>>> print(open('final.cif').read())   # mmCIF, N, CA and C atoms
data_run
loop_
_atom_site.label_atom_id
_atom_site.label_comp_id
_atom_site.auth_asym_id
_atom_site.auth_seq_id
_atom_site.Cartn_x
_atom_site.Cartn_y
_atom_site.Cartn_z
N LEU Z 1 5.82 -41.68 -56.10
CA LEU Z 1 7.02 -41.27 -55.41
C LEU Z 1 6.79 -40.97 -53.94
N HIS Z 2 5.55 -40.79 -53.56
CA HIS Z 2 5.25 -40.40 -52.18
C HIS Z 2 5.83 -41.36 -51.14
N PRO Z 3 5.64 -42.68 -51.27
CA PRO Z 3 6.23 -43.58 -50.26
C PRO Z 3 7.75 -43.45 -50.16
N ILE Z 4 8.40 -43.19 -51.28
CA ILE Z 4 9.86 -43.02 -51.27
C ILE Z 4 10.23 -41.74 -50.52
N LEU Z 5 9.48 -40.66 -50.75
CA LEU Z 5 9.75 -39.40 -50.05
C LEU Z 5 9.59 -39.56 -48.54
N VAL Z 6 8.57 -40.30 -48.12
CA VAL Z 6 8.35 -40.52 -46.69
C VAL Z 6 9.49 -41.33 -46.10
N LYS Z 7 9.94 -42.37 -46.80
CA LYS Z 7 11.06 -43.17 -46.30
C LYS Z 7 12.34 -42.35 -46.24
N LEU Z 8 12.58 -41.52 -47.24
CA LEU Z 8 13.75 -40.63 -47.20
C LEU Z 8 13.64 -39.65 -46.05
N GLY Z 9 12.42 -39.17 -45.79
CA GLY Z 9 12.21 -38.26 -44.67
C GLY Z 9 12.51 -38.93 -43.34
N ARG Z 10 12.10 -40.19 -43.18
CA ARG Z 10 12.40 -40.94 -41.94
C ARG Z 10 13.90 -41.08 -41.76
N TRP Z 11 14.57 -41.42 -42.84
CA TRP Z 11 16.02 -41.55 -42.78
C TRP Z 11 16.66 -40.21 -42.44
N GLY Z 12 16.22 -39.14 -43.10
CA GLY Z 12 16.79 -37.83 -42.88
C GLY Z 12 16.58 -37.31 -41.46
N ALA Z 13 15.44 -37.65 -40.86
CA ALA Z 13 15.16 -37.20 -39.48
C ALA Z 13 16.13 -37.81 -38.49
N GLN Z 14 16.71 -38.94 -38.83
CA GLN Z 14 17.65 -39.63 -37.94
C GLN Z 14 19.10 -39.34 -38.29
N SER Z 15 19.36 -38.72 -39.43
CA SER Z 15 20.70 -38.69 -40.00
C SER Z 15 21.53 -37.46 -39.75
N GLY Z 16 20.95 -36.32 -39.73
CA GLY Z 16 21.80 -35.14 -39.68
C GLY Z 16 21.09 -33.98 -39.04
N PRO Z 17 21.71 -32.84 -39.10
CA PRO Z 17 21.07 -31.69 -38.49
C PRO Z 17 19.76 -31.37 -39.19
N PRO Z 18 18.76 -30.95 -38.42
CA PRO Z 18 17.50 -30.60 -39.06
C PRO Z 18 17.68 -29.40 -39.97
N PRO Z 19 16.93 -29.34 -41.05
CA PRO Z 19 17.08 -28.19 -41.95
C PRO Z 19 16.66 -26.91 -41.24
N ILE Z 20 17.34 -25.83 -41.57
CA ILE Z 20 17.01 -24.56 -40.93
C ILE Z 20 16.27 -23.62 -41.87
N GLY Z 21 16.24 -23.92 -43.14
CA GLY Z 21 15.55 -23.07 -44.10
C GLY Z 21 14.05 -23.27 -44.05
N ALA Z 22 13.36 -22.48 -44.83
CA ALA Z 22 11.90 -22.58 -44.90
C ALA Z 22 11.49 -23.88 -45.59
N LEU Z 23 10.34 -24.41 -45.18
CA LEU Z 23 9.75 -25.58 -45.82
C LEU Z 23 8.44 -25.16 -46.46
N SER Z 24 8.15 -25.69 -47.63
CA SER Z 24 6.84 -25.48 -48.22
C SER Z 24 5.83 -26.27 -47.38
N VAL Z 25 4.56 -25.94 -47.50
CA VAL Z 25 3.56 -26.69 -46.73
C VAL Z 25 3.55 -28.15 -47.16
N ASP Z 26 3.81 -28.43 -48.42
CA ASP Z 26 3.84 -29.83 -48.87
C ASP Z 26 5.02 -30.57 -48.25
N ALA Z 27 6.19 -29.95 -48.19
CA ALA Z 27 7.35 -30.57 -47.56
C ALA Z 27 7.09 -30.78 -46.07
N LEU Z 28 6.41 -29.83 -45.44
CA LEU Z 28 6.08 -29.97 -44.03
C LEU Z 28 5.13 -31.15 -43.81
N MET Z 29 4.20 -31.37 -44.71
CA MET Z 29 3.28 -32.51 -44.57
C MET Z 29 4.04 -33.83 -44.69
N VAL Z 30 5.00 -33.89 -45.60
CA VAL Z 30 5.84 -35.10 -45.72
C VAL Z 30 6.66 -35.28 -44.45
N ALA Z 31 7.16 -34.18 -43.88
CA ALA Z 31 7.91 -34.28 -42.62
C ALA Z 31 7.03 -34.82 -41.50
N LEU Z 32 5.76 -34.40 -41.45
CA LEU Z 32 4.85 -34.94 -40.44
C LEU Z 32 4.65 -36.44 -40.65
N GLU Z 33 4.41 -36.84 -41.88
CA GLU Z 33 4.23 -38.27 -42.16
C GLU Z 33 5.49 -39.07 -41.82
N SER Z 34 6.64 -38.49 -42.09
CA SER Z 34 7.92 -39.18 -41.88
C SER Z 34 8.24 -39.38 -40.41
N THR Z 35 7.73 -38.53 -39.56
CA THR Z 35 8.08 -38.58 -38.14
C THR Z 35 6.91 -39.02 -37.27
N PHE Z 36 5.82 -39.44 -37.88
CA PHE Z 36 4.61 -39.87 -37.16
C PHE Z 36 4.93 -41.02 -36.20
N GLN Z 37 4.43 -40.89 -34.96
CA GLN Z 37 4.64 -41.89 -33.92
C GLN Z 37 3.31 -42.59 -33.63
N PRO Z 38 3.05 -43.73 -34.23
CA PRO Z 38 1.74 -44.36 -34.11
C PRO Z 38 1.36 -44.79 -32.69
N LYS Z 39 2.34 -45.08 -31.84
CA LYS Z 39 2.02 -45.53 -30.48
C LYS Z 39 1.34 -44.44 -29.66
N ALA Z 40 1.59 -43.19 -29.99
CA ALA Z 40 1.00 -42.06 -29.26
C ALA Z 40 -0.36 -41.64 -29.82
N ALA Z 41 -0.76 -42.23 -30.94
CA ALA Z 41 -1.92 -41.75 -31.68
C ALA Z 41 -3.24 -42.38 -31.22
N GLU Z 42 -4.29 -41.60 -31.44
CA GLU Z 42 -5.66 -42.07 -31.31
C GLU Z 42 -6.35 -41.83 -32.64
N ASN Z 43 -7.33 -42.64 -32.96
CA ASN Z 43 -8.08 -42.42 -34.19
C ASN Z 43 -8.72 -41.04 -34.15
N ALA Z 44 -8.48 -40.25 -35.18
CA ALA Z 44 -9.04 -38.90 -35.23
C ALA Z 44 -8.91 -38.36 -36.65
N THR Z 45 -9.74 -37.37 -36.94
CA THR Z 45 -9.65 -36.64 -38.19
C THR Z 45 -9.46 -35.17 -37.85
N TYR Z 46 -8.47 -34.56 -38.50
CA TYR Z 46 -8.13 -33.17 -38.25
C TYR Z 46 -8.31 -32.35 -39.52
N ASP Z 47 -8.82 -31.15 -39.34
CA ASP Z 47 -8.85 -30.15 -40.40
C ASP Z 47 -7.68 -29.24 -40.08
N LEU Z 48 -6.60 -29.36 -40.83
CA LEU Z 48 -5.39 -28.58 -40.60
C LEU Z 48 -5.38 -27.41 -41.57
N ARG Z 49 -5.44 -26.20 -41.04
CA ARG Z 49 -5.52 -24.98 -41.85
C ARG Z 49 -4.24 -24.18 -41.66
N LEU Z 50 -3.47 -24.11 -42.73
CA LEU Z 50 -2.19 -23.40 -42.71
C LEU Z 50 -2.26 -22.26 -43.72
N GLY Z 51 -2.67 -21.10 -43.26
CA GLY Z 51 -2.89 -19.99 -44.18
C GLY Z 51 -4.00 -20.39 -45.15
N GLY Z 52 -3.74 -20.30 -46.44
CA GLY Z 52 -4.73 -20.68 -47.44
C GLY Z 52 -4.76 -22.17 -47.75
N ALA Z 53 -3.83 -22.92 -47.22
CA ALA Z 53 -3.77 -24.37 -47.49
C ALA Z 53 -4.60 -25.13 -46.47
N ARG Z 54 -5.37 -26.11 -46.95
CA ARG Z 54 -6.20 -26.95 -46.08
C ARG Z 54 -5.79 -28.40 -46.28
N PHE Z 55 -5.68 -29.11 -45.15
CA PHE Z 55 -5.30 -30.52 -45.20
C PHE Z 55 -6.25 -31.35 -44.35
N ASN Z 56 -6.60 -32.49 -44.87
CA ASN Z 56 -7.40 -33.49 -44.18
C ASN Z 56 -6.41 -34.50 -43.62
N VAL Z 57 -6.25 -34.52 -42.31
CA VAL Z 57 -5.32 -35.44 -41.65
C VAL Z 57 -6.15 -36.50 -40.94
N ARG Z 58 -6.01 -37.74 -41.40
CA ARG Z 58 -6.76 -38.83 -40.81
C ARG Z 58 -5.79 -39.81 -40.16
N ILE Z 59 -6.05 -40.07 -38.88
CA ILE Z 59 -5.25 -41.04 -38.15
C ILE Z 59 -6.18 -42.18 -37.79
N GLU Z 60 -5.80 -43.38 -38.25
CA GLU Z 60 -6.65 -44.54 -38.03
C GLU Z 60 -5.80 -45.79 -37.93
N SER Z 61 -6.02 -46.54 -36.88
CA SER Z 61 -5.32 -47.82 -36.66
C SER Z 61 -3.81 -47.68 -36.77
N GLY Z 62 -3.27 -46.62 -36.19
CA GLY Z 62 -1.82 -46.44 -36.16
C GLY Z 62 -1.21 -45.96 -37.47
N THR Z 63 -2.02 -45.46 -38.38
CA THR Z 63 -1.49 -44.92 -39.63
C THR Z 63 -1.96 -43.47 -39.79
N ILE Z 64 -1.22 -42.73 -40.57
CA ILE Z 64 -1.58 -41.35 -40.85
C ILE Z 64 -1.71 -41.17 -42.35
N ALA Z 65 -2.73 -40.43 -42.76
CA ALA Z 65 -2.92 -40.07 -44.17
C ALA Z 65 -3.19 -38.57 -44.20
N ILE Z 66 -2.44 -37.87 -45.03
CA ILE Z 66 -2.60 -36.43 -45.16
C ILE Z 66 -2.92 -36.13 -46.62
N LEU Z 67 -4.08 -35.52 -46.83
CA LEU Z 67 -4.52 -35.17 -48.17
C LEU Z 67 -4.88 -33.69 -48.21
N ARG Z 68 -4.72 -33.07 -49.36
CA ARG Z 68 -5.19 -31.69 -49.50
C ARG Z 68 -6.71 -31.70 -49.45
N GLY Z 69 -7.26 -30.67 -48.84
CA GLY Z 69 -8.70 -30.54 -48.76
C GLY Z 69 -9.18 -30.49 -47.32
N THR Z 70 -10.48 -30.32 -47.18
CA THR Z 70 -11.10 -30.19 -45.86
C THR Z 70 -11.93 -31.43 -45.57
N PRO Z 71 -11.75 -32.06 -44.41
CA PRO Z 71 -12.55 -33.24 -44.07
C PRO Z 71 -14.01 -32.86 -43.80
N HIS Z 72 -14.88 -33.82 -43.97
CA HIS Z 72 -16.32 -33.60 -43.79
C HIS Z 72 -16.69 -33.28 -42.34
N SER Z 73 -16.26 -34.11 -41.41
CA SER Z 73 -16.58 -33.92 -39.99
C SER Z 73 -15.33 -34.13 -39.14
N PRO Z 74 -14.47 -33.13 -39.08
CA PRO Z 74 -13.23 -33.31 -38.30
C PRO Z 74 -13.51 -33.36 -36.80
N ASP Z 75 -12.68 -34.10 -36.10
CA ASP Z 75 -12.75 -34.11 -34.64
C ASP Z 75 -12.20 -32.81 -34.08
N ALA Z 76 -11.19 -32.27 -34.73
CA ALA Z 76 -10.58 -31.01 -34.29
C ALA Z 76 -10.10 -30.25 -35.51
N THR Z 77 -10.16 -28.94 -35.41
CA THR Z 77 -9.63 -28.05 -36.45
C THR Z 77 -8.48 -27.28 -35.84
N ILE Z 78 -7.34 -27.31 -36.54
CA ILE Z 78 -6.14 -26.61 -36.10
C ILE Z 78 -5.83 -25.53 -37.12
N THR Z 79 -5.78 -24.28 -36.66
CA THR Z 79 -5.51 -23.15 -37.54
C THR Z 79 -4.23 -22.46 -37.08
N THR Z 80 -3.28 -22.36 -37.99
CA THR Z 80 -2.00 -21.71 -37.71
C THR Z 80 -1.32 -21.43 -39.04
N ASP Z 81 -0.03 -21.25 -39.04
CA ASP Z 81 0.73 -21.13 -40.27
C ASP Z 81 1.83 -22.19 -40.26
N ALA Z 82 2.43 -22.42 -41.41
CA ALA Z 82 3.41 -23.49 -41.53
C ALA Z 82 4.61 -23.29 -40.61
N THR Z 83 5.08 -22.06 -40.49
CA THR Z 83 6.24 -21.78 -39.64
C THR Z 83 5.94 -22.10 -38.18
N THR Z 84 4.77 -21.70 -37.71
CA THR Z 84 4.39 -21.97 -36.32
C THR Z 84 4.21 -23.46 -36.10
N LEU Z 85 3.54 -24.14 -37.01
CA LEU Z 85 3.36 -25.59 -36.87
C LEU Z 85 4.71 -26.27 -36.77
N ARG Z 86 5.62 -25.91 -37.63
CA ARG Z 86 6.95 -26.51 -37.61
C ARG Z 86 7.67 -26.23 -36.30
N SER Z 87 7.56 -25.00 -35.79
CA SER Z 87 8.28 -24.66 -34.57
C SER Z 87 7.71 -25.37 -33.35
N VAL Z 88 6.40 -25.62 -33.33
CA VAL Z 88 5.80 -26.34 -32.20
C VAL Z 88 6.12 -27.83 -32.30
N VAL Z 89 5.94 -28.40 -33.48
CA VAL Z 89 6.13 -29.85 -33.65
C VAL Z 89 7.61 -30.23 -33.57
N PHE Z 90 8.46 -29.50 -34.26
CA PHE Z 90 9.86 -29.92 -34.37
C PHE Z 90 10.85 -29.03 -33.62
N GLY Z 91 10.46 -27.81 -33.31
CA GLY Z 91 11.41 -26.87 -32.74
C GLY Z 91 11.33 -26.69 -31.24
N GLY Z 92 10.36 -27.32 -30.60
CA GLY Z 92 10.25 -27.21 -29.16
C GLY Z 92 9.51 -25.99 -28.65
N ALA Z 93 8.90 -25.20 -29.55
CA ALA Z 93 8.10 -24.07 -29.09
C ALA Z 93 6.88 -24.60 -28.33
N LYS Z 94 6.46 -23.88 -27.32
CA LYS Z 94 5.32 -24.31 -26.51
C LYS Z 94 4.02 -23.98 -27.23
N LEU Z 95 3.14 -24.95 -27.27
CA LEU Z 95 1.85 -24.76 -27.92
C LEU Z 95 1.10 -23.59 -27.30
N ALA Z 96 1.11 -23.49 -25.97
CA ALA Z 96 0.37 -22.43 -25.27
C ALA Z 96 0.86 -21.03 -25.63
N ASP Z 97 2.12 -20.91 -26.03
CA ASP Z 97 2.71 -19.61 -26.36
C ASP Z 97 2.70 -19.31 -27.85
N SER Z 98 2.07 -20.18 -28.64
CA SER Z 98 2.13 -20.06 -30.10
C SER Z 98 0.79 -19.62 -30.68
N ALA Z 99 0.85 -19.06 -31.88
CA ALA Z 99 -0.34 -18.59 -32.58
C ALA Z 99 -1.05 -19.77 -33.23
N VAL Z 100 -1.72 -20.56 -32.40
CA VAL Z 100 -2.45 -21.75 -32.85
C VAL Z 100 -3.84 -21.68 -32.24
N THR Z 101 -4.85 -21.92 -33.09
CA THR Z 101 -6.23 -22.00 -32.61
C THR Z 101 -6.72 -23.42 -32.83
N ILE Z 102 -7.28 -24.01 -31.78
CA ILE Z 102 -7.84 -25.35 -31.86
C ILE Z 102 -9.33 -25.24 -31.56
N THR Z 103 -10.15 -25.75 -32.47
CA THR Z 103 -11.59 -25.83 -32.23
C THR Z 103 -12.01 -27.28 -32.34
N GLY Z 104 -13.15 -27.59 -31.79
CA GLY Z 104 -13.59 -28.98 -31.73
C GLY Z 104 -13.05 -29.62 -30.47
N ASP Z 105 -12.61 -30.86 -30.57
CA ASP Z 105 -12.07 -31.60 -29.43
C ASP Z 105 -10.67 -31.08 -29.10
N SER Z 106 -10.58 -30.23 -28.09
CA SER Z 106 -9.29 -29.60 -27.77
C SER Z 106 -8.25 -30.60 -27.29
N ARG Z 107 -8.68 -31.67 -26.61
CA ARG Z 107 -7.73 -32.70 -26.17
C ARG Z 107 -7.06 -33.35 -27.38
N LEU Z 108 -7.87 -33.74 -28.38
CA LEU Z 108 -7.30 -34.34 -29.58
C LEU Z 108 -6.46 -33.32 -30.35
N GLY Z 109 -6.89 -32.07 -30.34
CA GLY Z 109 -6.12 -31.03 -31.01
C GLY Z 109 -4.74 -30.87 -30.40
N ARG Z 110 -4.66 -30.87 -29.08
CA ARG Z 110 -3.35 -30.77 -28.41
C ARG Z 110 -2.52 -32.03 -28.64
N LEU Z 111 -3.19 -33.19 -28.64
CA LEU Z 111 -2.48 -34.45 -28.88
C LEU Z 111 -1.77 -34.45 -30.24
N PHE Z 112 -2.40 -33.84 -31.22
CA PHE Z 112 -1.82 -33.80 -32.57
C PHE Z 112 -0.35 -33.36 -32.54
N PHE Z 113 -0.04 -32.37 -31.74
CA PHE Z 113 1.30 -31.81 -31.71
C PHE Z 113 2.33 -32.73 -31.05
N ARG Z 114 1.88 -33.79 -30.42
CA ARG Z 114 2.79 -34.74 -29.77
C ARG Z 114 2.93 -36.05 -30.55
N LEU Z 115 2.39 -36.07 -31.76
CA LEU Z 115 2.39 -37.31 -32.56
C LEU Z 115 3.60 -37.46 -33.46
N PHE Z 116 4.54 -36.54 -33.37
CA PHE Z 116 5.65 -36.52 -34.31
C PHE Z 116 6.97 -36.42 -33.55
N ALA Z 117 7.93 -37.25 -33.96
CA ALA Z 117 9.25 -37.25 -33.31
C ALA Z 117 10.08 -36.11 -33.87
N ARG Z 118 10.81 -35.47 -32.98
CA ARG Z 118 11.75 -34.44 -33.44
C ARG Z 118 12.99 -35.12 -33.97
N PRO Z 119 13.66 -34.49 -34.95
CA PRO Z 119 14.91 -35.09 -35.46
C PRO Z 119 15.91 -35.30 -34.33
N ALA Z 120 16.73 -36.31 -34.50
CA ALA Z 120 17.71 -36.69 -33.47
C ALA Z 120 18.66 -35.54 -33.17
N LEU Z 121 18.67 -35.11 -31.92
CA LEU Z 121 19.53 -34.00 -31.52
C LEU Z 121 20.98 -34.43 -31.35
N ALA Z 122 21.21 -35.69 -31.03
CA ALA Z 122 22.58 -36.16 -30.84
C ALA Z 122 23.39 -35.98 -32.13
N SER Z 123 22.75 -36.27 -33.26
CA SER Z 123 23.48 -36.12 -34.51
C SER Z 123 23.73 -34.65 -34.82
N VAL Z 124 22.82 -33.76 -34.41
CA VAL Z 124 23.03 -32.33 -34.61
C VAL Z 124 24.26 -31.89 -33.85
N THR Z 125 24.37 -32.28 -32.59
CA THR Z 125 25.52 -31.91 -31.77
C THR Z 125 26.80 -32.48 -32.37
N ARG Z 126 26.74 -33.72 -32.81
CA ARG Z 126 27.92 -34.36 -33.38
C ARG Z 126 28.39 -33.59 -34.61
N HIS Z 127 27.47 -33.20 -35.50
CA HIS Z 127 27.85 -32.47 -36.71
C HIS Z 127 28.37 -31.07 -36.38
N ARG Z 128 27.77 -30.40 -35.44
CA ARG Z 128 28.23 -29.05 -35.08
C ARG Z 128 29.60 -29.11 -34.44
N ASP Z 129 29.85 -30.13 -33.59
CA ASP Z 129 31.16 -30.27 -32.96
C ASP Z 129 32.25 -30.53 -34.01
N ALA Z 130 31.89 -31.26 -35.06
CA ALA Z 130 32.87 -31.56 -36.10
C ALA Z 130 33.25 -30.31 -36.87
N ASP Z 131 32.35 -29.32 -36.92
CA ASP Z 131 32.61 -28.09 -37.66
C ASP Z 131 33.52 -27.13 -36.89
N VAL Z 132 33.67 -27.32 -35.59
CA VAL Z 132 34.45 -26.38 -34.77
C VAL Z 132 35.92 -26.64 -34.89
#
>>> encode(input="final.cif", output="structure tokens")
Amino acid sequence: LHPILVKLGRWGAQSGPPPIGALSVDALMVALESTFQPKAAENATYDLRLGGARFNVRIESGTIAILRGTPHSPDATITTDATTLRSVVFGGAKLADSAVTITGDSRLGRLFFRLFARPALASVTRHRDADV
């Protein structure tokens, strides 16, 4: 079902207002996969630490793979929580002002946060205007 969830996530990111409720870390990982922008990516392996959850994020040849667990030799380790990750990647919060620690290759660590498209804001405005 994973490929179907990613495709639905891509569709959802373009379709309506972004969700405002909490996301589980697993839903957040699908959101990252769904909005991944391969043209901005460089080959890298990330150790993504979100509280007690650990993810091995591998970017290679314009593709992203996210698996539970810790990679053997990550290029960068990103430590934060799911809410902060979501707010930096999708909410426009500034990385420098957020509770995020990057170790290893800091350039690749900062790049990670720019690899994902934010949901279309035009559709958010359109839906909110319709509610008024």
>>> select_by_dssp(input="final.cif", residues="region 15-115 of chain Z", states="alpha helix (DSSP H)", output="MDAnalysis selection string")
chainID Z and resid 15 25:35 82:89 106:112
>>> closest_residue(input="final.cif", among="Z:Thr77, Z:Thr101, Z:Thr35, Z:Thr83", to="Thr63 (chain Z)", atoms="only C-alpha atoms")
Z:Thr35
>>> axis_aligned_box(input="final.cif", around="region 40-54 of chain Z", padding_each_side="6 Å", output="JSON")
{"center_x": -4.1, "center_y": -31.6, "center_z": -38.5, "size_x": 23.3, "size_y": 35.2, "size_z": 30.5}
>>> resolve_selection(input="final.cif", expression="the PyMOL selection byres ((chain Z and resi 41) around 8)", output="list in words")
Phe36, Gln37, Pro38, Lys39, Ala40, Glu42, Asn43, Ala44, Ile59, Glu60, Ser61, Gly62, Thr63, Leu111, Phe112, Arg114 and Leu115 of chain Z
>>> atom_distance(input="final.cif", atom1="CA of Ala82 (chain Z)", atom2="CA of Val25 (chain Z)")
6.1 Å
>>> atom_distance(input="final.cif", atom1="CA of Glu33 (chain Z)", atom2="CA of Ile64 (chain Z)")
6.7 Å
>>> resolve_selection(input="final.cif", expression="the PyMOL selection byres ((chain Z and resi 45-55) around 5)", output="ChimeraX atom specification")
/Z:43-44,56-59,67-69,74-82
>>> residues_near_point(input="final.cif", point="(-2.8, -23.3, -32.3)", cutoff="10 Å", atoms="only C-alpha atoms", output="PyMOL selection string")
chain Z and resi 77-81+84-85+88+95-103+109-110+113
>>> write_last_selection(input="final.cif", atoms="N, CA and C atoms", output="short mmCIF file (atom, residue, chain, number, x, y, z; two decimals), in the frame of the given file")
data_model
loop_
_atom_site.label_atom_id
_atom_site.label_comp_id
_atom_site.auth_asym_id
_atom_site.auth_seq_id
_atom_site.Cartn_x
_atom_site.Cartn_y
_atom_site.Cartn_z
N THR Z 77 -10.16 -28.94 -35.41
CA THR Z 77 -9.63 -28.05 -36.45
C THR Z 77 -8.48 -27.28 -35.84
N ILE Z 78 -7.34 -27.31 -36.54
CA ILE Z 78 -6.14 -26.61 -36.10
C ILE Z 78 -5.83 -25.53 -37.12
N THR Z 79 -5.78 -24.28 -36.66
CA THR Z 79 -5.51 -23.15 -37.54
C THR Z 79 -4.23 -22.46 -37.08
N THR Z 80 -3.28 -22.36 -37.99
CA THR Z 80 -2.00 -21.71 -37.71
C THR Z 80 -1.32 -21.43 -39.04
N ASP Z 81 -0.03 -21.25 -39.04
CA ASP Z 81 0.73 -21.13 -40.27
C ASP Z 81 1.83 -22.19 -40.26
N THR Z 84 4.77 -21.70 -37.71
CA THR Z 84 4.39 -21.97 -36.32
C THR Z 84 4.21 -23.46 -36.10
N LEU Z 85 3.54 -24.14 -37.01
CA LEU Z 85 3.36 -25.59 -36.87
C LEU Z 85 4.71 -26.27 -36.77
N VAL Z 88 6.40 -25.62 -33.33
CA VAL Z 88 5.80 -26.34 -32.20
C VAL Z 88 6.12 -27.83 -32.30
N LEU Z 95 3.14 -24.95 -27.27
CA LEU Z 95 1.85 -24.76 -27.92
C LEU Z 95 1.10 -23.59 -27.30
N ALA Z 96 1.11 -23.49 -25.97
CA ALA Z 96 0.37 -22.43 -25.27
C ALA Z 96 0.86 -21.03 -25.63
N ASP Z 97 2.12 -20.91 -26.03
CA ASP Z 97 2.71 -19.61 -26.36
C ASP Z 97 2.70 -19.31 -27.85
N SER Z 98 2.07 -20.18 -28.64
CA SER Z 98 2.13 -20.06 -30.10
C SER Z 98 0.79 -19.62 -30.68
N ALA Z 99 0.85 -19.06 -31.88
CA ALA Z 99 -0.34 -18.59 -32.58
C ALA Z 99 -1.05 -19.77 -33.23
N VAL Z 100 -1.72 -20.56 -32.40
CA VAL Z 100 -2.45 -21.75 -32.85
C VAL Z 100 -3.84 -21.68 -32.24
N THR Z 101 -4.85 -21.92 -33.09
CA THR Z 101 -6.23 -22.00 -32.61
C THR Z 101 -6.72 -23.42 -32.83
N ILE Z 102 -7.28 -24.01 -31.78
CA ILE Z 102 -7.84 -25.35 -31.86
C ILE Z 102 -9.33 -25.24 -31.56
N THR Z 103 -10.15 -25.75 -32.47
CA THR Z 103 -11.59 -25.83 -32.23
C THR Z 103 -12.01 -27.28 -32.34
N GLY Z 109 -6.89 -32.07 -30.34
CA GLY Z 109 -6.12 -31.03 -31.01
C GLY Z 109 -4.74 -30.87 -30.40
N ARG Z 110 -4.66 -30.87 -29.08
CA ARG Z 110 -3.35 -30.77 -28.41
C ARG Z 110 -2.52 -32.03 -28.64
N PHE Z 113 -0.04 -32.37 -31.74
CA PHE Z 113 1.30 -31.81 -31.71
C PHE Z 113 2.33 -32.73 -31.05
#
>>> atom_distance(input="final.cif", atom1="atom C of Pro71 (chain Z)", atom2="atom C of Ala117 (chain Z)")
26.3 Å
>>> closest_residue(input="final.cif", among="Z:Ile66, Z:Asp105, Z:Lys94, Z:Ser73", to="Leu28 (chain Z)", atoms="only C-alpha atoms")
Z:Ile66
>>> select_by_dssp(input="final.cif", residues="region 32-107 of chain Z", states="strand (DSSP E or B)", output="MDAnalysis selection string")
chainID Z and resid 36 44:50 53:60 63:68 76:80 101:104
